[in-house]
file run.txt (compact mmCIF, C-alpha atoms and all ligand atoms)
# COMPACT_ATOMS: atom_id res chain seq x y z
CA MET A 1 23.50 -5.59 14.69
CA ASN A 2 20.91 -3.76 16.71
CA ILE A 3 17.74 -3.99 14.62
CA ILE A 4 14.50 -2.57 15.99
CA ASP A 5 11.36 -3.80 14.30
CA LYS A 6 9.10 -0.82 13.56
CA ARG A 7 7.05 -2.40 10.80
CA ASN A 8 3.85 -1.99 12.78
CA SER A 9 4.50 1.21 14.65
CA LEU A 10 5.34 3.85 12.02
CA ALA A 11 2.87 6.30 10.49
CA ARG A 12 0.86 4.76 7.71
CA HIS A 13 -1.69 6.11 5.22
CA ASN A 14 -5.22 5.28 6.28
CA SER A 15 -6.37 4.02 2.90
CA ARG A 16 -3.40 3.52 0.61
CA ASN A 17 -1.05 0.53 0.59
CA TYR A 18 2.23 -0.19 -1.14
CA ARG A 19 2.11 -3.06 -3.56
CA ARG A 20 4.16 -6.20 -2.86
CA ARG A 21 6.62 -8.24 -4.92
CA SER A 22 8.39 -11.55 -4.69
CA ARG A 23 11.94 -11.62 -3.33
CA SER A 24 13.26 -12.75 -6.68
CA ALA A 25 12.22 -9.38 -8.13
CA ILE A 26 14.84 -7.65 -5.96
CA THR A 27 18.06 -6.94 -7.85
CA ASN A 28 19.58 -3.96 -6.04
CA ILE A 29 20.15 -2.31 -2.70
CA ALA A 30 19.85 1.48 -2.75
CA ILE A 31 21.82 3.59 -0.28
CA HIS A 32 20.39 6.99 0.72
CA HIS A 33 21.08 9.75 3.15
CA SER A 34 18.12 11.63 4.61
CA ALA A 35 19.49 15.02 3.48
CA THR A 36 18.49 16.28 6.93
CA THR A 37 21.02 16.81 9.68
CA SER A 38 18.89 14.83 12.11
CA GLY A 39 15.79 12.65 11.95
CA SER A 40 14.40 9.20 12.61
CA ALA A 41 12.28 6.52 11.03
CA GLU A 42 9.29 7.99 12.88
CA ALA A 43 9.89 11.49 11.53
CA PHE A 44 10.46 10.34 7.94
CA ALA A 45 7.34 8.17 8.07
CA ARG A 46 5.24 11.13 9.22
CA TYR A 47 6.72 13.31 6.49
CA HIS A 48 6.17 10.77 3.74
CA VAL A 49 2.61 10.00 4.81
CA ASN A 50 1.32 13.36 6.01
CA GLN A 51 3.12 15.69 3.66
CA LEU A 52 3.60 13.59 0.55
CA GLY A 53 0.57 11.32 0.83
CA TRP A 54 2.57 8.11 0.42
CA PRO A 55 1.25 4.80 1.77
CA GLY A 56 4.07 4.64 4.33
CA ILE A 57 7.72 5.50 4.90
CA GLY A 58 9.81 5.31 1.71
CA TYR A 59 12.68 3.25 3.14
CA HIS A 60 12.96 -0.38 4.19
CA TYR A 61 15.62 0.45 6.77
CA VAL A 62 16.75 3.61 8.54
CA VAL A 63 20.19 3.66 10.19
CA ASP A 64 20.63 6.21 13.00
CA LYS A 65 23.87 7.98 13.78
CA ASP A 66 24.52 5.69 16.76
CA GLY A 67 24.28 2.65 14.50
CA SER A 68 20.88 1.44 15.59
CA ILE A 69 18.77 0.15 12.72
CA SER A 70 15.03 0.54 12.26
CA LYS A 71 13.33 -2.10 10.16
CA CYS A 72 10.39 -0.33 8.49
CA HIS A 73 9.05 -2.73 5.86
CA ASP A 74 9.19 -6.34 4.72
CA LEU A 75 11.59 -6.66 1.79
CA GLU A 76 8.59 -7.58 -0.35
CA VAL A 77 7.06 -4.11 0.05
CA VAL A 78 7.56 -1.85 -2.99
CA SER A 79 8.02 1.48 -1.24
CA TYR A 80 9.02 4.78 -2.83
CA HIS A 81 12.67 5.82 -2.89
CA VAL A 82 14.21 5.39 -6.36
CA GLY A 83 11.38 6.25 -8.76
CA ASN A 84 11.06 3.81 -11.61
CA SER A 85 13.54 1.43 -9.97
CA ASN A 86 11.40 1.00 -6.82
CA GLY A 87 10.14 -2.37 -7.99
CA ARG A 88 13.60 -3.93 -7.88
CA ALA A 89 15.31 -2.10 -5.03
CA VAL A 90 15.53 -2.24 -1.24
CA GLY A 91 16.11 1.18 0.34
CA ILE A 92 18.48 1.88 3.22
CA CYS A 93 18.55 5.45 4.53
CA MET A 94 21.31 6.78 6.74
CA VAL A 95 20.15 9.68 8.92
CA GLY A 96 22.24 12.72 8.08
CA ASP A 97 23.16 15.21 5.41
CA PHE A 98 26.52 14.06 4.10
CA ARG A 99 26.91 17.08 1.89
CA THR A 100 27.84 18.91 5.07
CA GLN A 101 28.25 16.23 7.75
CA SER A 102 30.63 13.30 7.83
CA LEU A 103 29.56 9.71 8.12
CA GLU A 104 30.94 8.42 11.44
CA ALA A 105 32.12 4.90 12.19
CA ALA A 106 29.15 3.60 14.21
CA GLN A 107 26.63 4.51 11.52
CA ARG A 108 28.88 3.47 8.65
CA ASN A 109 29.70 0.08 10.15
CA ALA A 110 26.07 -0.65 10.97
CA THR A 111 25.09 0.21 7.40
CA LEU A 112 27.86 -2.00 5.99
CA ASP A 113 26.80 -4.93 8.19
CA LEU A 114 23.16 -4.51 7.30
CA THR A 115 24.00 -4.32 3.59
CA LEU A 116 26.15 -7.46 3.74
CA SER A 117 23.43 -9.41 5.52
CA LEU A 118 20.89 -8.31 2.89
CA ILE A 119 23.28 -9.28 0.10
CA ASP A 120 23.41 -12.78 1.59
CA GLU A 121 19.71 -12.99 2.26
CA LEU A 122 18.79 -11.85 -1.26
CA ASN A 123 21.63 -13.61 -3.05
CA LEU A 124 22.98 -10.38 -4.56
CA ALA A 125 26.50 -9.20 -5.39
CA ILE A 126 28.36 -6.25 -3.92
CA GLU A 127 28.17 -4.58 -7.32
CA ASP A 128 24.37 -4.59 -6.93
CA VAL A 129 24.68 -2.08 -4.09
CA LEU A 130 24.19 1.36 -5.62
CA GLY A 131 23.88 4.86 -4.29
CA HIS A 132 20.61 6.60 -5.10
CA ILE A 133 22.54 8.79 -7.56
CA GLU A 134 23.70 5.70 -9.45
CA PHE A 135 20.16 4.64 -10.38
CA PRO A 136 18.94 5.56 -13.87
CA GLY A 137 17.66 9.10 -13.98
CA TYR A 138 19.24 10.32 -10.74
CA SER A 139 22.63 11.65 -11.78
CA TRP A 140 21.42 15.06 -10.59
CA LYS A 141 20.63 13.91 -7.06
CA PRO A 142 23.34 14.31 -4.42
CA CYS A 143 22.29 11.19 -2.52
CA PRO A 144 23.83 9.64 -0.48
CA SER A 145 26.75 12.07 -0.87
CA VAL A 146 29.32 9.48 0.20
CA SER A 147 31.69 7.73 -2.23
CA MET A 148 29.90 4.60 -3.39
CA ASN A 149 33.11 3.07 -4.73
CA GLY A 150 34.56 3.54 -1.26
CA PHE A 151 31.42 2.03 0.25
CA ARG A 152 31.58 -1.03 -2.02
CA ASN A 153 35.29 -1.46 -1.36
CA ALA A 154 34.53 -1.39 2.35
CA LEU A 155 31.95 -4.15 1.77
CA TYR A 156 34.61 -6.26 0.03
CA ASN A 157 37.09 -5.63 2.84
CA ARG A 158 34.57 -6.43 5.52
CA ARG A 159 33.69 -9.69 3.82
CA GLY A 160 37.37 -10.47 3.21
CA ASP A 161 37.11 -10.49 -0.60
CA LEU A 162 39.09 -8.66 -3.20
CA PRO A 163 37.21 -6.38 -5.59
CA GLN A 164 36.28 -8.22 -8.74
CA GLY A 165 36.18 -7.08 -12.31
CA ALA A 166 37.52 -3.74 -13.49
CA ILE A 167 40.57 -5.55 -14.85
CA PRO A 168 41.19 -4.33 -18.41
CA SER A 169 41.11 -7.22 -20.85
CA ARG A 170 43.09 -7.85 -24.02
CA THR A 171 40.42 -6.16 -26.08
CA TYR A 172 41.27 -2.82 -24.48
CA VAL A 173 42.04 -0.27 -27.22
CA ALA A 174 44.74 2.09 -26.03
CA GLY A 175 45.67 5.42 -27.59
CA ALA A 176 43.90 8.51 -28.81
CA ARG A 177 42.12 6.83 -31.71
CA GLN A 178 38.34 7.21 -31.46
CA ARG A 179 36.16 4.45 -32.78
CA SER A 180 33.09 5.64 -34.74
CA PHE A 181 30.76 3.71 -32.49
CA LEU A 182 31.05 2.74 -28.84
CA SER A 183 28.63 0.40 -27.12
CA ARG A 184 28.33 -2.05 -24.27
CA GLY A 185 31.37 -4.30 -23.89
CA ASP A 186 33.85 -1.95 -25.58
CA GLN A 187 37.02 -1.12 -23.68
CA GLY A 188 39.65 1.49 -24.34
CA ASP A 189 40.95 4.96 -23.85
CA ASP A 190 38.09 6.32 -25.99
CA VAL A 191 35.64 4.77 -23.51
CA ARG A 192 37.59 6.38 -20.70
CA ALA A 193 37.31 9.78 -22.45
CA LEU A 194 33.57 9.19 -22.85
CA GLN A 195 33.23 8.39 -19.13
CA GLU A 196 35.15 11.51 -18.21
CA ARG A 197 32.95 13.68 -20.41
CA LEU A 198 29.72 12.17 -19.04
CA THR A 199 30.93 12.70 -15.48
CA GLU A 200 31.90 16.26 -16.24
CA LEU A 201 28.38 16.88 -17.54
CA GLY A 202 26.89 15.45 -14.35
CA PHE A 203 25.84 12.08 -15.81
CA ASP A 204 27.72 9.78 -13.50
CA ALA A 205 28.89 6.84 -15.61
CA GLY A 206 30.40 4.79 -12.79
CA PRO A 207 34.13 4.37 -12.26
CA ILE A 208 36.30 5.88 -14.99
CA ASP A 209 37.94 2.61 -15.99
CA GLY A 210 37.69 2.54 -19.79
CA ILE A 211 35.13 -0.27 -19.66
CA PHE A 212 31.70 0.33 -21.24
CA GLY A 213 29.62 -1.54 -18.64
CA PRO A 214 26.06 -1.11 -17.36
CA LEU A 215 26.76 2.15 -15.49
CA THR A 216 28.32 3.74 -18.57
CA TYR A 217 25.37 2.53 -20.60
CA ASP A 218 22.98 4.13 -18.08
CA GLY A 219 24.95 7.36 -18.22
CA VAL A 220 24.79 7.44 -22.02
CA VAL A 221 21.05 6.74 -22.02
CA ARG A 222 20.37 9.47 -19.45
CA PHE A 223 22.45 11.92 -21.44
CA GLN A 224 20.70 11.04 -24.71
CA ARG A 225 17.30 11.56 -23.12
CA SER A 226 18.14 14.96 -21.72
CA ALA A 227 19.79 16.01 -24.99
CA ASN A 228 16.63 15.04 -26.91
CA ILE A 229 18.47 12.79 -29.34
CA GLY A 230 17.92 9.13 -30.20
CA VAL A 231 18.07 6.95 -27.07
CA ASP A 232 19.92 3.70 -27.75
CA GLY A 233 22.89 3.67 -25.37
CA ILE A 234 25.26 3.69 -28.34
CA VAL A 235 27.74 6.50 -28.88
CA GLY A 236 27.75 7.33 -32.59
CA PRO A 237 28.19 10.61 -34.49
CA GLU A 238 24.98 12.22 -33.17
CA THR A 239 25.70 11.46 -29.52
CA ARG A 240 29.32 12.47 -29.92
CA ALA A 241 28.30 15.86 -31.35
CA ALA A 242 25.80 16.38 -28.53
CA LEU A 243 28.43 15.46 -25.93
CA ARG A 244 30.83 17.94 -27.49
CA ASP A 245 28.28 20.79 -27.59
CA ALA A 246 26.66 20.25 -24.18
CA GLN A 247 27.14 23.03 -21.64
CA THR A 248 28.56 22.35 -18.21
CA PRO A 249 27.48 21.98 -15.58
CA ILE A 250 23.91 20.81 -16.01
CA ASP A 251 21.64 22.39 -13.38
CA GLN A 252 21.25 20.36 -10.24
CA ILE A 253 18.65 20.80 -7.57
CA GLU A 254 18.71 19.81 -3.95
CA HIS A 255 16.13 19.21 -1.30
CA GLY A 256 16.30 19.99 2.38
CA SER A 257 13.95 17.19 3.29
CA PRO A 258 13.80 13.45 2.71
CA THR A 259 11.88 13.39 -0.53
CA ASP A 260 12.91 10.29 -2.36
CA GLU A 261 10.81 9.29 -5.26
CA PRO A 262 7.63 7.34 -5.80
CA ASP A 263 7.29 5.32 -8.95
CA TYR A 264 5.61 7.50 -11.56
CA ARG A 265 4.03 4.41 -13.05
CA GLU A 266 2.18 3.67 -9.82
CA PRO A 267 -1.43 3.88 -10.97
CA SER A 268 -2.86 5.66 -7.96
CA PHE A 269 -0.36 7.94 -6.42
CA THR A 270 -3.23 10.19 -5.42
CA ASN A 271 -6.93 9.44 -5.23
CA GLU A 272 -7.32 11.27 -8.52
CA SER A 273 -4.46 9.30 -10.12
CA ARG A 274 -2.52 12.45 -10.68
CA ARG A 275 1.22 12.29 -11.03
CA LEU A 276 3.61 13.79 -8.59
CA LEU A 277 5.30 16.55 -10.55
CA ARG A 278 8.60 18.19 -9.89
CA TYR A 279 11.72 19.49 -11.54
CA VAL A 280 13.94 16.56 -12.51
CA ILE A 281 16.26 15.96 -15.43
CA PRO A 282 15.11 14.86 -17.93
CA VAL A 283 12.18 17.19 -17.32
CA MET A 284 8.64 15.91 -16.86
CA ARG A 285 6.20 16.91 -19.56
CA GLY A 286 2.49 16.69 -20.18
CA GLU A 287 -0.91 18.25 -19.85
CA ASP A 288 -0.77 18.04 -16.07
CA VAL A 289 2.39 20.15 -16.21
CA GLN A 290 0.53 22.70 -18.32
CA GLU A 291 -2.24 22.81 -15.75
CA VAL A 292 0.27 23.52 -12.99
CA GLN A 293 1.89 26.20 -15.13
CA ARG A 294 -1.42 27.92 -15.90
CA LYS A 295 -2.42 27.98 -12.25
CA THR A 296 0.90 29.16 -10.89
CA GLY A 297 1.50 31.76 -13.59
CA ALA A 298 4.49 29.99 -15.14
CA MET A 299 5.09 30.01 -18.88
CA VAL A 300 2.82 27.32 -20.34
CA ASP A 301 5.05 25.04 -22.41
CA GLY A 302 4.25 21.71 -20.78
CA LEU A 303 7.84 21.22 -19.57
CA PHE A 304 8.50 21.21 -15.82
CA GLY A 305 11.74 23.21 -15.82
CA PRO A 306 13.41 25.64 -13.40
CA GLU A 307 10.90 28.43 -14.03
CA THR A 308 7.95 26.18 -13.20
CA ASP A 309 9.80 24.98 -10.12
CA ARG A 310 10.18 28.60 -9.00
CA ARG A 311 6.50 29.38 -9.65
CA VAL A 312 5.40 26.31 -7.73
CA ARG A 313 7.54 27.36 -4.77
CA GLU A 314 6.05 30.87 -4.87
CA PHE A 315 2.60 29.35 -4.96
CA GLN A 316 3.41 27.06 -2.02
CA ARG A 317 4.76 29.99 -0.04
CA ARG A 318 1.57 32.00 -0.69
CA GLU A 319 -0.57 29.03 0.32
CA ASN A 320 1.46 28.23 3.46
CA LEU A 321 2.39 24.79 2.19
CA THR A 322 5.71 22.99 2.51
CA VAL A 323 7.91 24.88 0.05
CA ASP A 324 9.68 22.11 -1.86
CA GLY A 325 8.71 22.68 -5.51
CA ILE A 326 6.97 19.30 -5.56
CA VAL A 327 3.39 19.08 -6.81
CA GLY A 328 2.10 16.26 -4.61
CA PRO A 329 -1.38 15.67 -3.19
CA GLN A 330 -1.35 18.71 -0.92
CA THR A 331 -0.24 21.13 -3.63
CA TRP A 332 -2.67 19.58 -6.13
CA ARG A 333 -5.52 20.22 -3.70
CA ALA A 334 -4.45 23.85 -3.32
CA LEU A 335 -4.22 24.18 -7.11
CA ASP A 336 -7.74 22.80 -7.41
CA ARG A 337 -9.01 25.66 -5.28
CA VAL A 338 -7.50 28.10 -7.78
CA ARG A 339 -9.84 26.86 -10.48
CA ASN A 340 -12.91 26.63 -8.27
CA THR A 341 -12.80 30.21 -7.09
CA ALA A 342 -11.97 31.48 -10.57
CA ALA A 343 -15.20 30.34 -12.12
CA ARG A 344 -17.41 33.33 -11.31
CA TYR A 345 -17.42 36.38 -13.57
CA GLU A 346 -17.46 39.63 -11.58
CA ARG A 347 -16.59 42.64 -13.72
CA LEU A 348 -15.36 43.88 -17.09
CA LEU A 349 -11.58 43.87 -17.48
CA THR A 350 -10.16 46.36 -19.93
CA LEU A 351 -6.93 48.24 -20.63
CA ARG A 352 -7.05 51.68 -19.00
CA ARG A 353 -4.93 53.84 -16.72
CA PRO A 354 -4.37 53.24 -13.92
CA PHE A 355 -4.41 49.55 -14.77
CA VAL A 356 -7.29 47.48 -13.46
CA GLN A 357 -5.95 45.38 -10.64
CA GLY A 358 -7.09 42.27 -8.75
CA ASP A 359 -7.25 38.53 -8.27
CA ASP A 360 -9.52 38.13 -11.29
CA VAL A 361 -6.78 39.72 -13.41
CA LYS A 362 -4.32 37.21 -11.97
CA ARG A 363 -6.62 34.36 -12.92
CA VAL A 364 -6.84 35.60 -16.48
CA GLN A 365 -3.05 35.97 -16.60
CA ARG A 366 -2.51 32.48 -15.24
CA GLU A 367 -4.92 31.02 -17.74
CA LEU A 368 -3.22 32.83 -20.62
CA GLY A 369 0.29 32.04 -19.46
CA VAL A 370 1.46 35.63 -19.12
CA PRO A 371 3.37 36.98 -16.08
CA VAL A 372 1.02 37.09 -13.09
CA ASP A 373 1.27 40.57 -11.58
CA GLY A 374 -2.45 41.23 -11.17
CA LEU A 375 -2.34 44.32 -13.41
CA TYR A 376 -4.36 44.44 -16.63
CA GLY A 377 -1.60 45.97 -18.79
CA PRO A 378 -0.68 45.85 -22.49
CA VAL A 379 0.92 42.38 -22.32
CA THR A 380 -2.24 40.92 -20.80
CA GLU A 381 -4.42 42.79 -23.26
CA ARG A 382 -2.43 41.46 -26.20
CA ALA A 383 -2.73 37.91 -24.84
CA VAL A 384 -6.49 38.40 -24.48
CA ARG A 385 -6.71 39.55 -28.11
CA GLU A 386 -4.76 36.50 -29.27
CA PHE A 387 -6.99 34.28 -27.21
CA GLN A 388 -10.13 35.88 -28.64
CA GLN A 389 -8.80 35.45 -32.13
CA SER A 390 -8.02 31.79 -31.55
CA GLU A 391 -11.53 31.29 -30.13
CA GLY A 392 -13.19 33.03 -33.08
CA ILE A 393 -14.97 35.61 -30.90
CA THR A 394 -14.93 39.43 -31.08
CA VAL A 395 -11.35 40.65 -30.80
CA ASP A 396 -11.46 43.72 -28.53
CA GLY A 397 -8.95 42.96 -25.78
CA ILE A 398 -11.73 43.24 -23.19
CA VAL A 399 -12.63 40.41 -20.83
CA GLY A 400 -16.41 40.48 -20.61
CA PRO A 401 -18.77 37.63 -19.77
CA GLN A 402 -18.19 35.89 -23.13
CA THR A 403 -14.39 35.91 -22.98
CA TRP A 404 -14.47 35.01 -19.29
CA GLY A 405 -16.70 32.07 -20.11
CA ARG A 406 -14.35 30.86 -22.83
CA LEU A 407 -11.40 31.17 -20.48
CA PHE A 408 -12.85 29.32 -17.52
CA ASN A 409 -15.84 27.21 -18.52
ZN ZN A 501 18.01 9.12 -1.86
call {"tool": "encode", "arguments": {"input": "run.txt", "output": "structure tokens", "more": "lines below"}}
Ligand SMILES: [Zn+2]
result
Amino acid sequence: MNIIDKRNSLARHNSRNYRRRSRSAITNIAIHHSATTSGSAEAFARYHVNQLGWPGIGYHYVVDKDGSISKCHDLEVVSYHVGNSNGRAVGICMVGDFRTQSLEAAQRNATLDLTLSLIDELNLAIEDVLGHIEFPGYSWKPCPSVSMNGFRNALYNRRGDLPQGAIPSRTYVAGARQRSFLSRGDQGDDVRALQERLTELGFDAGPIDGIFGPLTYDGVVRFQRSANIGVDGIVGPETRAALRDAQTPIDQIEHGSPTDEPDYREPSFTNESRRLLRYVIPVMRGEDVQEVQRKTGAMVDGLFGPETDRRVREFQRRENLTVDGIVGPQTWRALDRVRNTAARYERLLTLRRPFVQGDDVKRVQRELGVPVDGLYGPVTERAVREFQQSEGITVDGIVGPQTWGRLFN
């Protein structure tokens, strides 16, 4: 293996640091692709630090197309690449976009060798090697876009082992009969049908083998969360009904740049401790989402869905930011400017023809959660009346100093 140590040479944040862990906390190896047709550890480090504001590159290792390996972090560093699983995972990123490119032998073999050596070093099993998409919460993410079963089989072959497990036991229940409840440890054709349905809906449940193991459990939990039903990893009547009624396919989003995830529980992702917000399934929710929606003119429901994603992209385009739909430090700073310049009252806004037009109208619209077209029309006027009513002030549909003050101060 050709490993180049870049731990001290890659771009790093000037004040933020990743936290560290003990080796015993590591339980998985995560395989990524960069989702870019070319790239390097240097380029990803710059992107993660300069664009996303991360402490350093997200990956522990980057494998180039020619098979050379960049070592970017100690294994003890908790860098960002699989969200809430960052604390227990080591990240390996293969340069390339395997949705459109194929993984060639030099890069594949180097990645296999590196993975096997890490398995030994960390005392892990081949089954602990997961694709990004196989981590909880990432069934929507086409990363690394290579078959992970194929990858794990290649690890077994390279080590000279036979695949273990996945041998149906005597407790396997064959036939069309459906048990009322399915949970971890169950085996049978009804489990197989469950796995097929989850996969069809985009909640990868691991190999379709009729065995309700950890990956099936994860798939069920992810489905239950996104369906807004009780989350217990058990398939009973409620979950079965939701599985039956769910529409296919669930929306998936893709990114043209290496934007793997920070841990949302990290206390200080930005100086202001604000979360990184983006469209993921299950959707992110909260007051910070509402703030983003108000300032970008999206419907204010506190759920970061496709419409908010679109509004954020429009906003980023207007502000000449990286257009990725992600509200990170840079986009937050730009959003802050929206509020600061909106504070001053300039003129009376009222419904007349032609419609009053301007940035101040846009600010009012954003604040009220109506479509932001900059025209003070009937929809905006109605929203102003509703706002005035809710504030207990004179209801006239006119934004004067008092209403302006209530809106922005
Ligand atoms: Zn990834």
call {"tool": "residues_around", "arguments": {"input": "run.txt", "residues": "A:Tyr217", "least_positions_apart": "3", "cutoff": "12 Å", "atoms": "all atoms listed in the file", "output": "ChimeraX atom specification"}}
result
/A:134-136,182-186,191,194-195,198,203-206,211-214,220-224,231-235
call {"tool": "residues_near_ligand", "arguments": {"input": "run.txt", "ligand": "ligand ZN 501 (chain A)", "cutoff": "12 Å", "atoms": "only C-alpha atoms and all ligand atoms", "output": "JSON, numbers by chain"}}
result
{"A": [29, 30, 31, 32, 33, 34, 35, 36, 58, 59, 62, 80, 81, 82, 83, 86, 89, 90, 91, 92, 93, 94, 95, 96, 97, 98, 130, 131, 132, 133, 134, 135, 138, 139, 140, 141, 142, 143, 144, 145, 146, 254, 255, 256, 257, 258, 259, 260, 261, 262]}
call {"tool": "atom_distance", "arguments": {"input": "run.txt", "atom1": "atom CA of A:Arg20", "atom2": "atom CA of A:Val77"}}
result
4.6 Å
call {"tool": "atom_distance", "arguments": {"input": "run.txt", "atom1": "atom CA of A:Ala110", "atom2": "atom CA of A:Asn157"}}
result
14.6 Å
call {"tool": "closest_residue", "arguments": {"input": "run.txt", "among": "A:Leu243, A:Gly210, A:Thr199, A:Asp396", "to": "A:Asn228", "atoms": "all atoms listed in the file"}}
result
A:Leu243
call {"tool": "closest_residue", "arguments": {"input": "run.txt", "among": "A:Ile26, A:Met1, A:Arg16, A:Ile208", "to": "A:Thr111", "atoms": "all atoms listed in the file"}}
result
A:Met1
call {"tool": "closest_residue", "arguments": {"input": "run.txt", "among": "A:Gly175, A:Arg108, A:Arg158, A:Ala246", "to": "A:Leu201", "atoms": "all atoms listed in the file"}}
result
A:Ala246
call {"tool": "residues_around", "arguments": {"input": "run.txt", "residues": "stretch 281-285 of chain A", "least_positions_apart": "3", "cutoff": "12 Å", "atoms": "only C-alpha atoms", "output": "compact mmCIF listing (two decimals) with C-alpha atoms, in the coordinates of the input"}}
result
# COMPACT_ATOMS: atom_id res chain seq x y z
CA PRO A 136 18.94 5.56 -13.87
CA GLY A 137 17.66 9.10 -13.98
CA TYR A 138 19.24 10.32 -10.74
CA SER A 139 22.63 11.65 -11.78
CA TRP A 140 21.42 15.06 -10.59
CA LYS A 141 20.63 13.91 -7.06
CA GLY A 202 26.89 15.45 -14.35
CA PHE A 203 25.84 12.08 -15.81
CA VAL A 221 21.05 6.74 -22.02
CA ARG A 222 20.37 9.47 -19.45
CA PHE A 223 22.45 11.92 -21.44
CA GLN A 224 20.70 11.04 -24.71
CA ARG A 225 17.30 11.56 -23.12
CA SER A 226 18.14 14.96 -21.72
CA ALA A 227 19.79 16.01 -24.99
CA ASN A 228 16.63 15.04 -26.91
CA ILE A 250 23.91 20.81 -16.01
CA ASP A 251 21.64 22.39 -13.38
CA GLN A 252 21.25 20.36 -10.24
CA ILE A 253 18.65 20.80 -7.57
CA TYR A 264 5.61 7.50 -11.56
CA ARG A 275 1.22 12.29 -11.03
CA LEU A 276 3.61 13.79 -8.59
CA LEU A 277 5.30 16.55 -10.55
CA ARG A 278 8.60 18.19 -9.89
CA ASP A 288 -0.77 18.04 -16.07
CA VAL A 289 2.39 20.15 -16.21
CA GLN A 290 0.53 22.70 -18.32
CA GLU A 291 -2.24 22.81 -15.75
CA VAL A 292 0.27 23.52 -12.99
CA GLN A 293 1.89 26.20 -15.13
CA VAL A 300 2.82 27.32 -20.34
CA ASP A 301 5.05 25.04 -22.41
CA GLY A 302 4.25 21.71 -20.78
CA LEU A 303 7.84 21.22 -19.57
CA PHE A 304 8.50 21.21 -15.82
CA GLY A 305 11.74 23.21 -15.82
CA PRO A 306 13.41 25.64 -13.40
CA GLU A 307 10.90 28.43 -14.03
CA THR A 308 7.95 26.18 -13.20
CA ASP A 309 9.80 24.98 -10.12
CA ILE A 326 6.97 19.30 -5.56
CA VAL A 327 3.39 19.08 -6.81
call {"tool": "closest_residue", "arguments": {"input": "run.txt", "among": "A:Arg406, A:Pro329, A:Arg311, A:Gly377", "to": "A:Thr394", "atoms": "all atoms listed in the file"}}
result
A:Arg406
call {"tool": "residues_around", "arguments": {"input": "run.txt", "residues": "stretch 381-389 of chain A", "least_positions_apart": "3", "cutoff": "9 Å", "atoms": "all atoms listed in the file", "output": "JSON list (two decimals) with C-alpha atoms, in the coordinates of the input"}}
result
[["chain", "number", "residue", "atom", "x", "y", "z"],
["A", 350, "THR", "CA", -10.16, 46.36, -19.93],
["A", 351, "LEU", "CA", -6.93, 48.24, -20.63],
["A", 364, "VAL", "CA", -6.84, 35.60, -16.48],
["A", 365, "GLN", "CA", -3.05, 35.97, -16.60],
["A", 368, "LEU", "CA", -3.22, 32.83, -20.62],
["A", 369, "GLY", "CA", 0.29, 32.04, -19.46],
["A", 370, "VAL", "CA", 1.46, 35.63, -19.12],
["A", 376, "TYR", "CA", -4.36, 44.44, -16.63],
["A", 377, "GLY", "CA", -1.60, 45.97, -18.79],
["A", 378, "PRO", "CA", -0.68, 45.85, -22.49],
["A", 392, "GLY", "CA", -13.19, 33.03, -33.08],
["A", 393, "ILE", "CA", -14.97, 35.61, -30.90],
["A", 394, "THR", "CA", -14.93, 39.43, -31.08],
["A", 395, "VAL", "CA", -11.35, 40.65, -30.80],
["A", 396, "ASP", "CA", -11.46, 43.72, -28.53],
["A", 397, "GLY", "CA", -8.95, 42.96, -25.78],
["A", 398, "ILE", "CA", -11.73, 43.24, -23.19],
["A", 399, "VAL", "CA", -12.63, 40.41, -20.83],
["A", 403, "THR", "CA", -14.39, 35.91, -22.98],
["A", 406, "ARG", "CA", -14.35, 30.86, -22.83],
["A", 407, "LEU", "CA", -11.40, 31.17, -20.48]]
call {"tool": "atom_distance", "arguments": {"input": "run.txt", "atom1": "atom CA of A:Gly67", "atom2": "atom CA of A:Ala125"}}
result
23.3 Å
call {"tool": "closest_residue", "arguments": {"input": "run.txt", "among": "A:Asp336, A:Val312, A:Ser15, A:Ser24", "to": "A:Asn123", "atoms": "all atoms listed in the file"}}
result
A:Ser24
call {"tool": "closest_residue", "arguments": {"input": "run.txt", "among": "A:Glu319, A:Gly325, A:Val356, A:Lys295", "to": "A:Val372", "atoms": "only C-alpha atoms"}}
result
A:Lys295
call {"tool": "axis_aligned_box", "arguments": {"input": "run.txt", "around": "stretch 64-73 of chain A", "padding_each_side": "5 Å", "output": "lines of an AutoDock Vina configuration file"}}
result
center_x = 16.8
center_y = 2.6
center_z = 11.3
size_x = 25.5
size_y = 20.7
size_z = 20.9
